[in-house]
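> This is the structure, below, for whatever I ask next.
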Amino acid sequence: MKNNTNILSLALLFIFAIIPVMAGLGYALLYSFGVVGALNQGFTWQYWREAFADNSICISFLYSTSIAVVALLLSVTTALLVSLRYYQPLKKGFYSYLINLPLAFPPIVAAFFFFQFLSKGGVVSRVAYQTSIIHAVHQFPDLTNDTYSIGIILTHWFLSFPFFLLLYTGLIKTQRLNLFFQLAESLGASKRQIIFRVAIPILIQKSLPNILLYFIFIFGAYEIPVLLGRSYPESVSVLAVRKLQKFNMLDIPQGYVVTVIYTVFVLFFILIILKQKKLAYAH
Amino acid sequence: MHKIKLLTAGLIFLLLGCNTQKEKSDILKISWEEIEAKAKGASLTMMMFQGDRKVNKYMNEYVVPTVKEKYSITLTIVPGQGKEIVSNIMSEKEAGKQKSEIDLCWINGETFFQLRQIDGLYGPYTNKLPNFKYVDIENPIIKYDFQQEVKGYETPWGQSFYYLIYDSSKVIVPPVTMAQFEKWWKANPGKFTFSNDFSGMTLLKSWLVELAGGMNTLDNAFDEKKYNLYAPKLWDWINANKKYFWKKGETFPSSISDVSKMYSNGELAFTMSFNDADIDNKVSEGVFAATSKAYILQSGSIQNTHYVGITANSGSKEAAMVVCNFLISPEAQIKKNDIRLWGSRTVLAVDKLEKQWQDQFVALPKRKYGLDPTYIKLNAIKELAPEYMIKVFEDFRKKVIEK
């Protein structure tokens, strides 16, 4: 019986996950080498060479990585601080609704919301103008389509902070971490030591697979950087979509080059996550 | 064995090709009455831009019910423009799909160019449409789509021209030449930008025309020599002045709707449009200030026509032709021209029409903010060849954005 269930779950995994991903990757590979595609004329390295002729792909990968790292650092840090300080009152009532709310926001809605909120003509700017904090629209700081991607990072933080907060408050409860804290305290540990030597290492270790998964989510995000980002540098998804859909159809294979690299990058990350998950469960 | 496989594949392709040719000639041989009879009861899908409330209203509340009532054709409108249309049709071709999910599409310029590149359009068929005789086909803006002769592969549907919009309460004398723009930017930093899309690239092309010596200088097929001569001057000029643009020219809005949004909230002093009725509609809706005014550059206004194409693999070509014929009928064009409905300029030669239709065209409400059609016609720049757009797009990214 157990064997049958195993075979069934393996078959489902193959049909709905592995085969579509592999078929997509295979198609993208063939397209990027000119083997398939309405305008392609047979195997060539030309598109890979062209894709790397300038450093736009490398810059996009670096840019997406830095956005994901900064946004996650911010979310995980704030979620850790809040969960360790306030996890009791957050469990029910008004605060729990407040925390769950952003989880219901699709990224495109959140991006639009932040654009309306933080742009020079947005809500905050208007309030600042009405209250005479600024005297002209141009005095309001650049928070969307800005040099430091503040709008993008804040939007990702808005979406991921509640997720990590719920994760950590849940972990503290299910892993009975308060007992660990009490034990550490009875052994003479200071509050600072409890937080930095006991609580944070345990929570980070338990949540590492989730952090890495969220990294992929932010790394591959499209709607948020396309609405709140600058024309340059572009995130990986924005670059791939631009190459796939621009006027020059001879550039489409280059779009597939980006998608192949992106898929390989993500698959590599998933392998790390699986390894981490094993470690997390082992502990 | 390999040769046999190749030979078989070749024969299959040949047979498929013959089949398409036969189908094409069959439709064109039968009478229009027979085409209408065959079209009865068909279901069609039309992919088009649905980002404008008035355009949607015209299609959903007038065209869809009328073709249902007159010809028993069920027309479904699905959203998608330019690149979506091309990638859909291209994917179907690559997947070997014989019957397309899209029968009709709203296209022009680069989309027409791309669809012709992949043989994605059915045609030539327009001479078969009874109402085609009313179309002002000798007008070069209609006969040529981005300098490419239409040759019966798309039905002209409406005319557009490029113009700028400014708020006359903030801009006393709007700049019309590159020198005047430079002067204005320096005096008003941060109040101007253009979008990194079709609209913004059209402004760049207008300046390219000015650099090349004015109207008609870049007509005909793409001239790489001319492009290489004038484009570097354009990029140098933009790079020298972009520090006076919105966000110091470090980024550009991704779409014209973003520019219009910033214009309406006062962040920018200018926006642009290709939709003739845009300024009247936006002012009447209260989106743009009532002090908004439309104007064109001294070098002229880039004008083009939008068309409806039938996909090469449409399963209901007869019905698609019937819908195309309806779209260029005097009654449908009068409604389309009406500023209360869509406000798009007609492709018909009004003087070819019967008196009753001419009277109805004359009786249409006049534009309050839009520009005079005669003035526009005198200052028309034919859309440049699509390769200019491709090059301008690529070079704007490489030589301005990434610099």
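Residue numbers start at 1 in each chain; chains themselves are named A, B, ... in the order of the structure tokens; ligands are numbered from 1 in the order shown.
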Please identify all polymer residues within 9 Å of Val176 of chain B, counting only C-alpha atoms, omitting same-chain residues fewer than 4 positions from it, and present them as a count of residues only.

7

> Please provide the set of residues having any atom within 12 Å of Ile108 of chain A, restricted to only C-alpha atoms, with same-chain residues fewer than 4 positions apart removed, written as a PyMOL selection string.

chain A and resi 104+112-115+152+155-156+159+221-228

> Residues of chain B within 8 Å of chain A, using only C-alpha atoms, as a list of chain:residue names?

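That gives B:Lys83, B:Glu84, B:Ser87, B:Met90, B:Lys93, B:Glu94, B:Glu110, B:Gln114, B:Ile118, B:Gly190, B:Lys247, B:Glu250, B:Thr251, B:Phe252, B:Pro253, B:Ser254, B:Met262, B:Asn265, B:Gly266, B:Glu267, B:Ile390, B:Ile401, B:Glu402 for chain B.
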
> Write down as a list in words the residues of segment 169-273 of chain B whose backbone DSSP state falls under strand (DSSP E or B).

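Listing strand (DSSP E or B) positions across segment 169-273 of chain B yields Phe270, Thr271, Met272 and Ser273 of chain B.
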
> I need the residue nearest Pro65 of chain B from this list: B:Ser160, B:Lys399, B:Val323, B:Cys105. Use only C-alpha atoms for the distance.

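Checking each candidate against Pro65 of chain B, we get B:Val323 as the closest.
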
> Please identify all polymer residues within 12 Å of Val67 of chain B, counting only C-alpha atoms, omitting same-chain residues fewer than 6 positions from it, and present them as a PyMOL selection string.

chain B and resi 36+39-44+59-61+73-76+319-327+329+332

> Neighbours of Val283 of chain B within 10 Å (only C-alpha atoms; same-chain residues fewer than 5 positions away dropped), as a CSV table (one decimal) with N, CA and C atoms, in the first residue's frame?


chain,number,residue,atom,x,y,z
B,264,SER,N,-0.9,64.7,-15.3
B,264,SER,CA,-2.2,65.1,-14.7
B,264,SER,C,-2.0,65.5,-13.3
B,278,ASP,N,-7.7,61.9,-27.4
B,278,ASP,CA,-7.2,61.8,-26.0
B,278,ASP,C,-7.4,63.0,-25.2
B,288,PHE,N,-7.1,65.7,-17.2
B,288,PHE,CA,-6.2,66.7,-17.6
B,288,PHE,C,-6.8,68.1,-17.2
B,289,ALA,N,-6.0,69.0,-16.9
B,289,ALA,CA,-6.5,70.4,-16.6
B,289,ALA,C,-7.2,71.0,-17.8
B,290,ALA,N,-8.2,71.8,-17.6
B,290,ALA,CA,-8.9,72.4,-18.7
B,290,ALA,C,-8.0,73.4,-19.5
B,291,THR,N,-6.9,73.7,-18.9
B,291,THR,CA,-5.9,74.6,-19.6
B,291,THR,C,-5.0,73.9,-20.5
B,292,SER,N,-5.2,72.6,-20.6
B,292,SER,CA,-4.3,71.7,-21.5
B,292,SER,C,-4.5,72.1,-23.0
B,293,LYS,N,-3.5,72.0,-23.7
B,293,LYS,CA,-3.5,72.4,-25.2
B,293,LYS,C,-2.7,71.3,-25.9
B,368,LYS,N,-12.9,70.1,-29.2
B,368,LYS,CA,-12.7,71.3,-28.6
B,368,LYS,C,-11.2,71.6,-28.3
B,369,TYR,N,-10.5,70.6,-28.0
B,369,TYR,CA,-9.0,70.7,-27.7
B,369,TYR,C,-8.1,70.1,-28.8

> With DSSP run on the backbone, what are the alpha helix (DSSP H) residues within segment 155-238 of chain A? I'd like them as a ChimeraX atom specification.

/A:155-174,177-186,191-193,200-219,223-228,236-238

> In Å, with one decimal, what is the gap from atom CA of Lys186 of chain B to atom CA of Arg397 of chain B?

23.3 Å

> If we count only C-alpha atoms, what is near Ala37 of chain B at a cut-off of 10 Å, once residues fewer than 5 positions away on the same chain are taken out, given as a PyMOL selection string?

chain B and resi 31-32+71-72+318-319+322

> Go ahead and dump the residues you just picked, N, CA and C atoms, as a PDB file, in the first residue's frame.


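Result written to again.pdb:
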ATOM      1  N   SER B  31     -18.550  34.666 -54.485  1.00  0.00           N
ATOM      2  CA  SER B  31     -19.150  36.009 -54.417  1.00  0.00           C
ATOM      3  C   SER B  31     -19.228  36.480 -52.959  1.00  0.00           C
ATOM      4  N   TRP B  32     -19.415  37.797 -52.810  1.00  0.00           N
ATOM      5  CA  TRP B  32     -19.501  38.346 -51.452  1.00  0.00           C
ATOM      6  C   TRP B  32     -20.721  37.776 -50.715  1.00  0.00           C
ATOM      7  N   TYR B  71     -25.085  39.854 -38.982  1.00  0.00           N
ATOM      8  CA  TYR B  71     -24.461  38.722 -39.694  1.00  0.00           C
ATOM      9  C   TYR B  71     -24.440  37.422 -38.881  1.00  0.00           C
ATOM     10  N   SER B  72     -25.055  37.426 -37.699  1.00  0.00           N
ATOM     11  CA  SER B  72     -25.048  36.255 -36.804  1.00  0.00           C
ATOM     12  C   SER B  72     -23.622  35.795 -36.494  1.00  0.00           C
ATOM     13  N   GLU B 318     -13.912  33.784 -43.728  1.00  0.00           N
ATOM     14  CA  GLU B 318     -15.064  34.471 -44.346  1.00  0.00           C
ATOM     15  C   GLU B 318     -15.687  35.427 -43.334  1.00  0.00           C
ATOM     16  N   ALA B 319     -15.916  34.906 -42.112  1.00  0.00           N
ATOM     17  CA  ALA B 319     -16.522  35.748 -41.070  1.00  0.00           C
ATOM     18  C   ALA B 319     -15.599  36.914 -40.728  1.00  0.00           C
ATOM     19  N   VAL B 322     -16.055  39.525 -43.267  1.00  0.00           N
ATOM     20  CA  VAL B 322     -17.337  40.223 -43.090  1.00  0.00           C
ATOM     21  C   VAL B 322     -17.203  41.287 -41.988  1.00  0.00           C
TER      22      VAL B 322
END

> Do you have, as CSV, the list of residues of segment 9-93 of chain A lying at most 10 Å from segment 183-202 of chain A, each with its nearest atom pair and that distance in Å to one decimal, counting only C-alpha atoms and ordered by chain then number?


residue,atom,partner,partner_atom,distance
A:Thr77,CA,A:Ile200,CA,9.6
A:Leu80,CA,A:Ile200,CA,7.3
A:Leu81,CA,A:Ile195,CA,9.2
A:Leu84,CA,A:Ile195,CA,8.0

> Neighbours of Trp246 of chain B within 7 Å (only C-alpha atoms; same-chain residues fewer than 2 positions away dropped), as number ranges by chain?

B: 190-193, 244, 248-249

> Could you tell me how far atom CA of Tyr162 of chain B sits from atom CA of Lys282 of chain B, in Å to one decimal place?

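Between these atoms lies a distance of 16.2 Å.
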
> From the options A:Leu118, A:Leu213, A:Leu239, A:Ala11, which residue's atoms come nearest to Leu274 of chain A, counting only C-alpha atoms?

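Ranking A:Leu118, A:Leu213, A:Leu239, A:Ala11 by distance to Leu274 of chain A, first place goes to A:Leu213.
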